[in-house]
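Dumped run_22.txt below, it's compact mmCIF, C-alpha atoms:
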```
# COMPACT_ATOMS: atom_id res chain seq x y z
CA MET A 21 -108.28 43.99 -79.93
CA ALA A 22 -107.25 42.70 -76.61
CA GLU A 23 -106.21 45.16 -73.98
CA THR A 24 -102.76 44.83 -72.48
CA ALA A 25 -102.58 43.89 -68.83
CA LYS A 26 -102.01 46.73 -66.40
CA PHE A 27 -100.46 46.07 -63.03
CA SER A 28 -101.48 48.26 -60.16
CA GLN A 29 -98.70 47.09 -57.85
CA PRO A 30 -94.96 47.35 -58.48
CA LEU A 31 -93.04 44.22 -59.18
CA PRO A 32 -91.45 42.64 -56.11
CA THR A 33 -87.83 43.49 -55.40
CA THR A 34 -85.54 40.51 -55.45
CA SER A 35 -82.20 40.20 -53.74
CA SER A 36 -80.36 40.49 -57.06
CA ASN A 37 -82.10 43.82 -57.69
CA LEU A 38 -81.00 45.04 -54.28
CA VAL A 39 -77.43 44.03 -55.05
CA ASP A 40 -77.60 45.86 -58.37
CA VAL A 41 -78.94 48.99 -56.70
CA ALA A 42 -76.32 48.84 -53.95
CA TRP A 43 -73.51 48.25 -56.46
CA HIS A 44 -74.70 51.18 -58.57
CA GLY A 45 -74.69 53.43 -55.50
CA ILE A 46 -71.20 52.32 -54.49
CA ALA A 47 -69.95 52.87 -58.05
CA ARG A 48 -71.39 56.41 -58.07
CA ILE A 49 -69.71 57.23 -54.77
CA GLY A 50 -66.41 55.81 -56.03
CA SER A 51 -66.71 57.79 -59.24
CA ARG A 52 -67.27 61.03 -57.31
CA ILE A 53 -64.28 60.36 -55.06
CA PHE A 54 -62.11 59.61 -58.10
CA ASP A 55 -63.29 62.79 -59.88
CA GLY A 56 -62.49 64.82 -56.77
CA LEU A 57 -59.00 63.37 -56.52
CA VAL A 58 -58.33 64.08 -60.19
CA LEU A 59 -59.56 67.66 -59.75
CA LEU A 60 -57.34 68.09 -56.70
CA GLY A 61 -54.31 66.79 -58.58
CA GLU A 62 -54.97 68.96 -61.60
CA SER A 63 -55.49 72.09 -59.57
CA SER A 64 -52.30 71.50 -57.62
CA SER A 65 -50.32 71.02 -60.83
CA ALA A 66 -51.93 74.06 -62.45
CA ALA A 67 -51.16 76.22 -59.41
CA LYS A 68 -47.50 75.18 -59.51
CA LYS A 69 -47.27 75.96 -63.20
CA ALA A 70 -48.94 79.35 -62.70
CA LYS A 71 -46.43 80.23 -59.98
CA GLN A 72 -43.56 79.10 -62.22
CA PHE A 73 -44.91 81.23 -65.07
CA GLN A 74 -45.24 84.29 -62.81
CA ALA A 75 -41.71 83.86 -61.50
CA LEU A 76 -40.25 83.56 -64.98
CA ASN A 77 -42.35 86.43 -66.30
CA ALA A 78 -40.97 88.66 -63.54
CA LEU A 79 -37.41 88.14 -64.83
CA SER A 80 -35.81 90.58 -67.21
CA ASP A 81 -35.38 89.72 -70.89
CA GLU A 82 -31.64 89.33 -70.28
CA ALA A 83 -32.21 86.86 -67.42
CA LEU A 84 -34.61 84.88 -69.60
CA ALA A 85 -32.07 84.85 -72.45
CA LYS A 86 -29.44 83.41 -70.08
CA ARG A 87 -31.83 80.53 -69.48
CA GLY A 88 -32.43 80.12 -73.20
CA LEU A 89 -35.98 81.46 -73.01
CA THR A 90 -37.90 84.29 -74.62
CA ARG A 91 -40.88 86.08 -73.16
CA ASP A 92 -43.03 84.94 -76.10
CA GLY A 93 -42.13 81.30 -75.42
CA LEU A 94 -42.83 81.28 -71.68
CA ALA A 95 -46.34 79.85 -71.98
CA SER A 96 -45.13 76.99 -74.20
CA TYR A 97 -42.20 76.32 -71.89
CA VAL A 98 -44.25 76.24 -68.68
CA PHE A 99 -47.57 74.80 -69.83
CA GLY A 100 -46.23 72.54 -72.57
CA PRO A 101 -48.41 71.34 -75.42
CA LEU A 102 -51.43 73.33 -74.27
CA PHE A 103 -49.89 76.48 -75.71
CA SER A 104 -47.84 75.05 -78.57
```

In structure tokens, how does this file's structure come out?
Amino acid sequence: MAETAKFSQPLPTTSSNLVDVAWHGIARIGSRIFDGLVLLGESSSAAKKAKQFQALNALSDEALAKRGLTRDGLASYVFGPLFS
């Protein structure tokens, strides 16, 4: 059987390979920036909802009833379908 050829030197880098590598790096940086912005937006929204929940939870049962809410339904009201 014939032996397969083994190359001791790496293949030369062409300009198209450099473009591919650069584009991949830019895409990774963009992806990280996007993920960070999404995380920032989600945390801001979650913090607002948590404050709203705490404020409503501090109300009396009578005050909640005037708003058409029950203490058991606060999580569904504030956080929506996550707690339905």

Pick the closest to A:Ser96 from A:Ala75, A:Val39, A:Ala83, A:Lys69: which is it, counting only C-alpha atoms?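 Going through A:Ala75, A:Val39, A:Ala83, A:Lys69 one by one, the smallest distance to A:Ser96 is for A:Lys69.
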
Quick one, how far is atom CA of A:Ser65 from atom CA of A:Asn77?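 Calculated distance between atom CA of A:Ser65 and atom CA of A:Asn77 is 18.2 Å.
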
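Going from atom CA of A:Arg52 over to atom CA of A:Val98, you cover 29.8 Å.
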
Please, what distance in Å, to one decimal, runs between atom CA of A:Leu38 and atom CA of A:Phe54? 24.2 Å

Quick one: everything within 12 Å of A:Asp81, counting all atoms listed in the file, minus sequence neighbours fewer than 3 positions away in the same chain. Send it as a PyMOL selection string. chain A and resi 76-78+84-94
